[in-house]
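Novice: For reference, the file final.cif (mmCIF, C-alpha atoms) is included below:
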```
data_query
#
loop_
_atom_site.label_atom_id
_atom_site.label_comp_id
_atom_site.auth_asym_id
_atom_site.auth_seq_id
_atom_site.Cartn_x
_atom_site.Cartn_y
_atom_site.Cartn_z
CA MET A 1 100.17 120.99 123.29
CA ARG A 2 99.48 118.05 120.97
CA PHE A 3 95.96 119.37 120.46
CA ARG A 4 97.39 122.72 119.35
CA ILE A 5 99.72 120.97 116.92
CA LEU A 6 96.77 119.01 115.52
CA ASP A 7 94.66 122.16 115.20
CA ARG A 8 97.47 123.99 113.42
CA TYR A 9 98.04 121.04 111.10
CA ILE A 10 94.39 120.72 110.04
CA SER A 11 93.92 124.51 109.84
CA GLY A 12 97.04 124.88 107.72
CA GLN A 13 95.93 122.12 105.35
CA LEU A 14 92.48 123.66 105.02
CA LEU A 15 93.70 127.22 104.47
CA THR A 16 96.19 126.11 101.82
CA ALA A 17 93.64 124.04 99.93
CA ALA A 18 90.91 126.68 100.30
CA GLY A 19 93.24 129.43 99.09
CA PHE A 20 94.16 127.44 96.01
CA ALA A 21 90.53 126.52 95.24
CA ILE A 22 89.21 130.07 95.79
CA VAL A 23 91.89 131.59 93.55
CA LEU A 24 91.24 129.04 90.80
CA LEU A 25 87.44 129.41 90.93
CA THR A 26 87.67 133.21 91.10
CA ALA A 27 89.96 133.28 88.06
CA ILE A 28 87.46 131.20 86.09
CA LEU A 29 84.50 133.42 87.02
CA VAL A 30 86.46 136.64 86.44
CA LEU A 31 87.53 135.52 82.98
CA GLY A 32 83.94 134.54 82.23
CA ASN A 33 82.70 138.00 83.24
CA ILE A 34 85.39 139.72 81.19
CA PHE A 35 84.39 137.80 78.07
CA LYS A 36 80.72 138.44 78.75
CA GLN A 37 80.93 142.15 79.55
CA LEU A 38 84.05 143.47 77.80
CA LEU A 39 84.78 141.16 74.87
CA ASP A 40 83.26 143.42 72.22
CA LEU A 41 84.94 146.50 73.68
CA LEU A 42 88.30 144.73 73.87
CA VAL A 43 88.06 143.53 70.29
CA ASN A 44 86.63 146.64 68.66
CA GLN A 45 87.94 149.44 70.89
CA ASP A 46 91.21 150.57 72.35
CA VAL A 47 90.28 149.99 75.98
CA PRO A 48 93.11 151.00 78.38
CA MET A 49 94.58 148.16 80.39
CA GLU A 50 94.04 150.08 83.65
CA THR A 51 90.32 149.99 82.87
CA VAL A 52 90.46 146.22 82.41
CA PHE A 53 92.33 145.80 85.72
CA ALA A 54 89.80 148.05 87.47
CA PHE A 55 86.99 145.94 86.04
CA ILE A 56 88.68 142.78 87.35
CA GLY A 57 88.94 144.39 90.79
CA PHE A 58 85.19 145.06 90.77
CA VAL A 59 84.31 141.55 89.58
CA ILE A 60 86.31 139.73 92.27
CA PRO A 61 84.05 140.70 95.24
CA ALA A 62 80.92 139.79 93.29
CA SER A 63 82.45 136.45 92.33
CA SER A 64 83.69 135.70 95.85
CA VAL A 65 80.07 135.39 97.00
CA TYR A 66 80.17 132.02 95.24
CA THR A 67 83.86 131.13 95.20
CA ILE A 68 84.58 131.39 98.94
CA PRO A 69 81.92 128.87 100.07
CA TRP A 70 82.66 126.62 97.10
CA GLY A 71 86.41 126.84 97.65
CA PHE A 72 86.04 126.07 101.36
CA LEU A 73 83.85 123.06 100.58
CA THR A 74 86.46 121.80 98.11
CA ALA A 75 89.19 122.23 100.73
CA VAL A 76 87.24 120.28 103.37
CA LEU A 77 86.60 117.43 100.92
CA LEU A 78 90.21 117.29 99.73
CA VAL A 79 91.80 117.45 103.18
CA PHE A 80 89.56 114.91 104.88
CA SER A 81 89.55 112.44 101.99
CA ARG A 82 93.37 112.58 101.95
CA ILE A 83 93.92 112.17 105.70
CA SER A 84 91.35 109.37 105.69
CA ALA A 85 93.00 107.59 102.73
CA GLU A 86 96.47 107.89 104.29
CA ASN A 87 95.23 106.58 107.69
CA GLU A 88 96.06 109.85 109.48
CA LEU A 89 92.47 110.04 110.63
CA LEU A 90 92.70 106.48 111.97
CA ALA A 91 95.81 107.46 113.97
CA MET A 92 93.95 110.42 115.48
CA ARG A 93 91.04 108.20 116.42
CA THR A 94 93.41 105.61 117.93
CA ALA A 95 94.90 108.37 120.07
CA GLY A 96 91.46 108.81 121.62
CA LEU A 97 90.28 111.88 119.73
CA SER A 98 86.60 112.08 118.80
CA TYR A 99 85.38 113.34 115.44
CA PRO A 100 83.98 116.54 116.96
CA ARG A 101 87.38 117.32 118.51
CA ILE A 102 89.26 116.55 115.30
CA CYS A 103 86.87 118.69 113.28
CA ALA A 104 86.82 121.65 115.70
CA PRO A 105 89.25 123.73 113.55
CA VAL A 106 87.01 123.15 110.52
CA PHE A 107 83.96 124.61 112.23
CA ILE A 108 85.95 127.54 113.60
CA LEU A 109 87.31 128.34 110.15
CA GLY A 110 83.84 127.82 108.68
CA GLY A 111 82.44 130.36 111.12
CA LEU A 112 85.19 132.88 110.30
CA PHE A 113 84.68 132.38 106.57
CA SER A 114 80.92 132.85 107.07
CA LEU A 115 81.46 136.16 108.89
CA PHE A 116 83.80 137.28 106.11
CA CYS A 117 81.20 136.28 103.50
CA LEU A 118 78.52 138.16 105.43
CA TRP A 119 80.57 141.37 105.23
CA ILE A 120 81.16 140.83 101.51
CA ASN A 121 77.50 140.02 100.78
CA LEU A 122 76.10 142.97 102.70
CA GLU A 123 78.59 145.71 101.87
CA VAL A 124 81.50 144.91 99.55
CA ALA A 125 79.87 142.97 96.70
CA PRO A 126 76.94 145.42 96.18
CA ARG A 127 79.28 148.40 96.03
CA ALA A 128 81.63 146.55 93.68
CA GLN A 129 78.75 145.54 91.42
CA GLU A 130 77.54 149.11 91.17
CA ARG A 131 81.03 150.40 90.43
CA MET A 132 81.48 147.66 87.83
CA LYS A 133 78.33 148.82 86.01
CA ARG A 134 79.54 152.39 86.16
CA ALA A 135 82.95 151.35 84.82
CA ILE A 136 81.33 149.66 81.80
CA PHE A 137 79.05 152.68 81.35
CA SER A 138 82.03 155.07 81.56
CA ILE A 139 83.86 153.16 78.83
CA ALA A 140 80.89 153.68 76.56
CA THR A 141 80.19 157.34 77.43
CA ASP A 142 83.84 158.40 77.38
CA ASN A 143 84.09 156.80 73.94
CA PRO A 144 80.49 156.61 72.63
CA ILE A 145 81.52 154.79 69.45
CA ALA A 146 82.01 151.78 71.75
CA LEU A 147 78.25 151.60 72.16
CA PHE A 148 77.81 150.72 68.52
CA ALA A 149 78.63 147.05 67.99
CA LYS A 150 78.10 145.35 64.67
CA ASP A 151 75.19 142.98 64.19
CA GLN A 152 73.65 143.91 67.55
CA VAL A 153 70.65 145.95 68.67
CA ILE A 154 71.71 148.98 70.73
CA GLU A 155 69.03 149.70 73.35
CA GLU A 156 70.94 151.97 75.71
CA PHE A 157 69.48 155.20 74.28
CA PRO A 158 66.05 156.16 75.68
CA ASN A 159 63.18 155.73 73.17
CA ARG A 160 65.54 154.49 70.47
CA LYS A 161 66.77 151.19 69.15
CA ILE A 162 69.65 151.15 66.67
CA TYR A 163 70.90 148.23 64.61
CA VAL A 164 74.18 148.31 62.68
CA THR A 165 75.17 145.52 60.28
CA GLU A 166 78.83 146.48 59.96
CA LYS A 167 81.21 148.81 61.76
CA LYS A 168 84.68 149.98 60.76
CA GLY A 169 86.17 152.51 63.12
CA GLU A 170 83.73 155.44 63.25
CA ASN A 171 82.00 154.39 60.03
CA LEU A 172 78.75 152.42 60.19
CA PHE A 173 77.03 150.47 57.42
CA ASP A 174 73.40 149.37 56.91
CA ILE A 175 71.96 151.38 59.79
CA HIS A 176 68.43 150.96 61.14
CA VAL A 177 67.12 153.51 63.67
CA PHE A 178 63.76 152.93 65.38
CA GLU A 179 62.30 155.75 67.47
CA HIS A 180 59.39 154.86 69.78
CA ASN A 181 57.30 156.34 72.57
CA ASP A 182 57.05 155.16 76.18
CA ARG A 183 54.54 152.50 75.09
CA PHE A 184 57.11 151.17 72.59
CA GLU A 185 54.99 152.22 69.62
CA ILE A 186 57.17 153.05 66.61
CA LEU A 187 57.04 156.75 65.68
CA ARG A 188 59.82 156.95 63.10
CA THR A 189 62.21 154.60 61.34
CA VAL A 190 65.36 155.59 59.49
CA PHE A 191 67.33 153.38 57.11
CA ALA A 192 70.75 154.38 55.79
CA LYS A 193 73.36 152.57 53.76
CA GLN A 194 76.21 154.36 55.50
CA GLY A 195 76.82 156.64 58.44
CA ARG A 196 79.44 158.14 60.66
CA ILE A 197 79.56 158.79 64.40
CA GLU A 198 80.66 162.19 65.65
CA THR A 199 80.93 162.97 69.35
CA ASP A 200 80.25 166.29 71.00
CA MET A 201 81.39 165.69 74.59
CA GLU A 202 81.16 169.38 75.42
CA ASN A 203 77.38 169.23 74.89
CA ARG A 204 77.22 165.57 75.96
CA ALA A 205 75.77 164.41 72.68
CA ILE A 206 76.35 161.93 69.86
CA LYS A 207 75.70 162.91 66.27
CA MET A 208 74.93 160.24 63.70
CA ARG A 209 75.64 161.60 60.23
CA LEU A 210 73.65 159.43 57.81
CA PHE A 211 74.03 159.22 54.03
CA ASN A 212 71.33 158.11 51.58
CA ALA A 213 68.78 157.89 54.36
CA ARG A 214 65.17 156.81 53.93
CA PHE A 215 62.48 157.75 56.48
CA GLU A 216 59.15 156.27 57.50
CA ILE A 217 57.11 158.54 59.77
CA TYR A 218 54.11 157.30 61.75
CA ASP A 219 51.26 159.43 63.02
CA GLN A 220 52.11 160.79 66.47
CA GLN A 221 48.55 160.42 67.75
CA ASP A 222 47.75 157.09 66.12
CA PRO A 223 51.05 155.31 65.37
CA ARG A 224 49.35 151.94 64.86
CA ASN A 225 47.31 153.22 61.94
CA LEU A 226 49.35 152.25 58.87
CA ASN A 227 47.06 154.29 56.61
CA LYS A 228 48.62 157.41 58.13
CA LEU A 229 52.17 156.17 57.57
CA ARG A 230 54.32 158.54 55.52
CA GLN A 231 56.84 156.70 53.33
CA GLY A 232 59.31 157.51 50.62
CA ILE A 233 61.04 160.40 52.39
CA THR A 234 64.71 160.34 51.38
CA MET A 235 67.67 162.56 52.15
CA ALA A 236 71.16 162.46 50.70
CA GLU A 237 72.58 163.48 54.08
CA THR A 238 71.05 164.07 57.49
CA THR A 239 72.13 164.16 61.13
CA ILE A 240 70.47 162.57 64.14
CA SER A 241 71.50 164.06 67.47
CA ILE A 242 71.34 161.81 70.54
CA SER A 243 71.67 163.34 74.00
CA LEU A 244 73.99 161.56 76.41
CA GLU A 245 72.36 163.37 79.33
CA GLU A 246 69.33 161.09 79.08
CA LEU A 247 71.67 158.13 78.99
CA TYR A 248 73.36 159.29 82.20
CA GLN A 249 70.01 159.75 83.95
CA ARG A 250 68.74 156.36 82.80
CA ASN A 251 71.86 154.65 84.09
CA GLU A 252 71.43 156.25 87.52
CA GLN A 253 67.85 155.02 87.70
CA ARG A 254 68.77 151.41 86.79
CA LYS A 255 70.25 150.53 90.17
CA THR A 256 69.18 146.98 90.96
CA LEU A 257 68.52 145.30 94.31
CA SER A 258 71.76 143.31 94.03
CA SER A 259 73.77 146.55 93.93
CA LEU A 260 72.23 147.96 97.13
CA THR A 261 73.95 147.70 100.50
CA LEU A 262 72.09 146.43 103.58
CA LYS A 263 71.49 149.98 104.78
CA GLU A 264 69.97 150.94 101.42
CA LEU A 265 67.80 147.81 101.36
CA ASN A 266 66.49 148.50 104.86
CA ALA A 267 65.73 152.09 103.86
CA GLN A 268 63.70 150.83 100.91
CA LEU A 269 61.79 148.35 103.09
CA LYS A 270 60.44 151.21 105.23
CA SER A 271 58.63 152.75 102.26
CA GLN A 272 57.65 149.64 100.31
CA LYS A 273 54.55 147.47 100.25
CA GLY A 274 53.31 144.39 98.45
CA ASP A 275 55.46 142.81 95.75
CA GLN A 276 58.24 145.39 96.06
CA MET A 277 58.65 144.61 99.76
CA THR A 278 58.67 140.87 99.01
CA ARG A 279 61.47 141.27 96.46
CA THR A 280 63.57 143.38 98.83
CA ARG A 281 63.05 141.03 101.80
CA THR A 282 64.02 138.10 99.57
CA GLU A 283 67.24 139.87 98.60
CA VAL A 284 68.11 140.48 102.26
CA SER A 285 67.38 136.84 103.17
CA LYS A 286 69.45 135.64 100.22
CA ARG A 287 72.53 137.50 101.44
CA TYR A 288 72.27 136.24 105.01
CA SER A 289 71.53 132.69 103.84
CA PHE A 290 74.45 132.71 101.41
CA SER A 291 76.78 133.78 104.19
CA LEU A 292 76.05 130.61 106.19
CA ALA A 293 77.08 128.39 103.28
CA CYS A 294 80.62 127.92 104.63
CA LEU A 295 79.36 126.44 107.91
CA THR A 296 76.79 124.35 106.08
CA PHE A 297 79.39 123.04 103.64
CA ALA A 298 81.75 122.20 106.52
CA LEU A 299 79.14 119.99 108.15
CA VAL A 300 78.34 118.23 104.88
CA GLY A 301 81.90 118.13 103.53
CA ILE A 302 83.59 116.36 106.46
CA PRO A 303 81.62 113.07 106.33
CA LEU A 304 81.55 113.12 102.52
CA GLY A 305 85.32 113.60 102.40
CA ILE A 306 85.99 110.80 104.89
CA THR A 307 83.63 108.47 103.06
CA THR A 308 85.20 109.22 99.67
CA GLN A 309 88.73 108.32 100.87
CA ARG A 310 90.43 109.37 97.63
CA ARG A 311 93.79 111.06 97.22
CA GLU A 312 92.97 112.45 93.78
CA THR A 313 92.22 116.16 93.61
CA SER A 314 89.75 115.55 90.78
CA ALA A 315 87.55 113.43 93.07
CA GLY A 316 87.29 116.24 95.63
CA PHE A 317 86.50 118.80 92.95
CA GLY A 318 83.90 116.48 91.45
CA VAL A 319 82.06 115.97 94.75
CA SER A 320 82.27 119.69 95.57
CA LEU A 321 80.84 120.52 92.15
CA VAL A 322 77.78 118.31 92.77
CA VAL A 323 77.18 119.61 96.31
CA ALA A 324 77.72 123.28 95.39
CA PHE A 325 75.55 122.96 92.28
CA CYS A 326 72.66 121.52 94.30
CA TYR A 327 72.99 124.22 96.96
CA PHE A 328 73.21 127.14 94.53
CA LEU A 329 70.39 125.65 92.45
CA PHE A 330 68.09 125.71 95.49
CA ILE A 331 69.06 129.35 96.09
CA GLU A 332 68.35 130.36 92.48
CA ILE A 333 65.00 128.54 92.47
CA ALA A 334 63.97 130.44 95.58
CA ASN A 335 65.27 133.66 94.04
CA SER A 336 63.21 133.08 90.89
CA MET A 337 60.07 133.11 93.08
CA ARG A 338 60.75 136.55 94.55
CA ASP A 339 57.75 138.00 92.68
CA ASN A 340 55.37 135.44 94.15
CA ALA A 341 54.56 136.63 97.66
CA ALA A 342 52.23 133.70 98.27
CA VAL A 343 55.13 131.20 98.52
CA LYS A 344 57.07 133.49 100.90
CA PRO A 345 60.35 133.50 98.93
CA HIS A 346 62.22 135.27 101.75
CA LEU A 347 61.68 132.15 103.87
CA LEU A 348 62.44 129.76 100.99
CA MET A 349 65.92 131.31 100.85
CA TRP A 350 66.71 129.54 104.13
CA LEU A 351 65.54 126.13 102.89
CA PRO A 352 68.88 125.11 101.26
CA ASN A 353 70.76 125.76 104.51
CA LEU A 354 68.14 123.89 106.52
CA LEU A 355 68.20 120.85 104.20
CA PHE A 356 71.98 120.71 104.03
CA LEU A 357 72.35 121.19 107.79
CA ILE A 358 69.97 118.28 108.39
CA LEU A 359 71.83 116.15 105.85
CA GLY A 360 75.22 117.11 107.30
CA ALA A 361 74.10 116.45 110.88
CA TRP A 362 72.73 113.03 109.91
CA LEU A 363 75.95 112.11 108.07
CA PHE A 364 78.08 113.37 110.95
CA VAL A 365 76.13 111.45 113.61
CA LYS A 366 76.29 108.34 111.46
CA LEU A 367 80.04 108.82 111.03
CA ASN A 368 80.60 109.38 114.75
CA LYS A 369 78.95 106.03 115.53
CA ARG A 370 81.38 104.09 113.35
#
```
Show this structure as structure tokens.
Specialist:
Amino acid sequence: MRFRILDRYISGQLLTAAGFAIVLLTAILVLGNIFKQLLDLLVNQDVPMETVFAFIGFVIPASSVYTIPWGFLTAVLLVFSRISAENELLAMRTAGLSYPRICAPVFILGGLFSLFCLWINLEVAPRAQERMKRAIFSIATDNPIALFAKDQVIEEFPNRKIYVTEKKGENLFDIHVFEHNDRFEILRTVFAKQGRIETDMENRAIKMRLFNARFEIYDQQDPRNLNKLRQGITMAETTISISLEELYQRNEQRKTLSSLTLKELNAQLKSQKGDQMTRTRTEVSKRYSFSLACLTFALVGIPLGITTQRRETSAGFGVSLVVAFCYFLFIEIANSMRDNAAVKPHLLMWLPNLLFLILGAWLFVKLNKR
């Protein structure tokens, strides 16, 4: 019975601390993604609040890939540094309990969190990431004027780059339009002092009405030959029509590896060879490796927390920040090598877990001998 009380006590402390840490870290990452992805739309467009809330719902699973292991590590450090500082751990040891028995609830919770992370990494996060991209894309295509941000190069339209110096509502100022071929050779440039965006959603098109426009037309067969450049073409008013259909098709083709579920990744592996197969295998290994982070962090966090022996929350967060940063840095370094098949990046993905498990086991054995 006393063992069950002890298990409930430690589990309750861990779940409370982990819940708080995960919520806090998720809030920080979600806000960061909102500012990164939606800031311009929120400032310059009337984006409905339900769209913002839907975006937040899509960001949370993608963020939890990082926040759940990090939050669990923080909880382990906080709980064990506190019970060590307040001599609760000493009382448990005096009662004849070994460190493995005291820490049993931690490893059980770490295993459960790892299984939960595995489900998120393989299924939930990829689907959420894809839906998040579609949500951002829908904001732009439902209200195409949102695509045009001031002082930025718009590259969403196939074979076109558009730069707008100033934007006021549907009116654009100092417009530069560059049309190029598939080899990114410029075929035509258009400069206009002022313009206006008109949408034709029935025909899925955007019409840019330009005023005082000046054209430069390059030779279609030899666009690099400046001797064949035609300059000085001006028009008081002209209209450039941009098809949204091409934009839809391009968006469908831009599905990345991180937005594919395990089933979709395995289906790709069957038809891939060479570098493509290496990248896909690395992505699969990354997701499985990431999922074990909770167990790895439990093994490392317990001895570090006991050794720290601090009641302050800031100390636990500080140590967790260093440990998590090192772990995630190893993962990102391995991920950056996914195009180099010679170093076997799909195996390198397991190196952070291996190193941290060895470190945690050494610290735990050393602690158990005290």
Novice: With all atoms listed in the file as the basis for distance, which of A:Gln129, A:Asn181, A:Gln231, A:Gln221 is at the shortest distance from Leu257 (chain A)?
Specialist: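 Using all atoms listed in the file, Leu257 (chain A) sits closest to A:Gln129.
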Novice: With only C-alpha atoms as the atoms that count, which of A:Leu348, A:Ala27, A:Leu269, A:Val319 lies nearest to Ile331 (chain A)?
Specialist: A:Leu348
Novice: Between CA of Asn335 (chain A) and CA of Met349 (chain A), what is the distance, to one decimal in Å?
Specialist: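 It comes out at 7.2 Å.
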Novice: Would you list the contacts of region 168-178 of chain A as a compact mmCIF listing (two decimals) with C-alpha atoms, in the frame of the given file, taking every protein, DNA or RNA residue within 9 Å and counting all atoms listed in the file, but skipping same-chain residues closer than 5 positions in sequence?
Specialist:
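part_28.txt written:
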```
# COMPACT_ATOMS: atom_id res chain seq x y z
CA ASN A 44 86.63 146.64 68.66
CA GLN A 45 87.94 149.44 70.89
CA ILE A 145 81.52 154.79 69.45
CA PHE A 148 77.81 150.72 68.52
CA LYS A 150 78.10 145.35 64.67
CA ASN A 159 63.18 155.73 73.17
CA ARG A 160 65.54 154.49 70.47
CA LYS A 161 66.77 151.19 69.15
CA ILE A 162 69.65 151.15 66.67
CA TYR A 163 70.90 148.23 64.61
CA ILE A 186 57.17 153.05 66.61
CA LEU A 187 57.04 156.75 65.68
CA ARG A 188 59.82 156.95 63.10
CA THR A 189 62.21 154.60 61.34
CA VAL A 190 65.36 155.59 59.49
CA PHE A 191 67.33 153.38 57.11
CA ALA A 192 70.75 154.38 55.79
CA LYS A 193 73.36 152.57 53.76
CA GLN A 194 76.21 154.36 55.50
CA GLY A 195 76.82 156.64 58.44
CA ARG A 196 79.44 158.14 60.66
CA ILE A 197 79.56 158.79 64.40
CA GLU A 198 80.66 162.19 65.65
CA LEU A 210 73.65 159.43 57.81
```
Novice: Please provide the set of residues having any atom within 12 Å of region 351-358 of chain A, restricted to all atoms listed in the file, with same-chain residues fewer than 3 positions apart removed, written as number ranges by chain.
Specialist: A: 285-286, 288-301, 323-335, 344-348, 361-365
Novice: List the residues selected by the PyMOL selection byres ((chain A and resi 206) around 7) in the file shown, writing them as an NGL selection string.
Specialist: :A and (198-200 or 205 or 207-208 or 241-244)
Novice: Specify as a PyMOL selection string each residue included when the PyMOL selection byres ((chain A and resi 64) around 10) is applied to this file.
Specialist: chain A and resi 22-23+25-26+29-30+59-63+65-71+117+120-121+125
Novice: Written as a PyMOL selection string, which residues does the PyMOL selection byres ((chain A and resi 75) around 10) give for the file shown?
Specialist: chain A and resi 13-22+69-74+76-81+298+301-302+305+313+316-317+320
Novice: Work out how far CA of Ala342 (chain A) is from CA of Gly360 (chain A), in Å to one decimal.
Specialist: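 CA of Gly360 (chain A) sits 29.8 Å away from CA of Ala342 (chain A).
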Novice: Mind working out the centre and edge lengths of an axis-aligned box for region 169-176 of chain A, all listed atoms inside, 6 Å added to each side, rounded to one decimal in Å and written as AutoDock Vina command-line options?
Specialist:
```
--center_x 77.3 --center_y 152.4 --center_z 60.1 --size_x 29.7 --size_y 18.1 --size_z 18.3
```
Novice: By how many Å are CA of Leu24 (chain A) and CA of Ser258 (chain A) apart?
Specialist: 24.4 Å
Novice: Could you tell me which of A:Arg82, A:Arg338, A:Arg214, A:Arg287 comes closest to Trp119 (chain A) if we count all atoms listed in the file?
Specialist: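 Closest to Trp119 (chain A), using all atoms listed in the file: A:Arg287.
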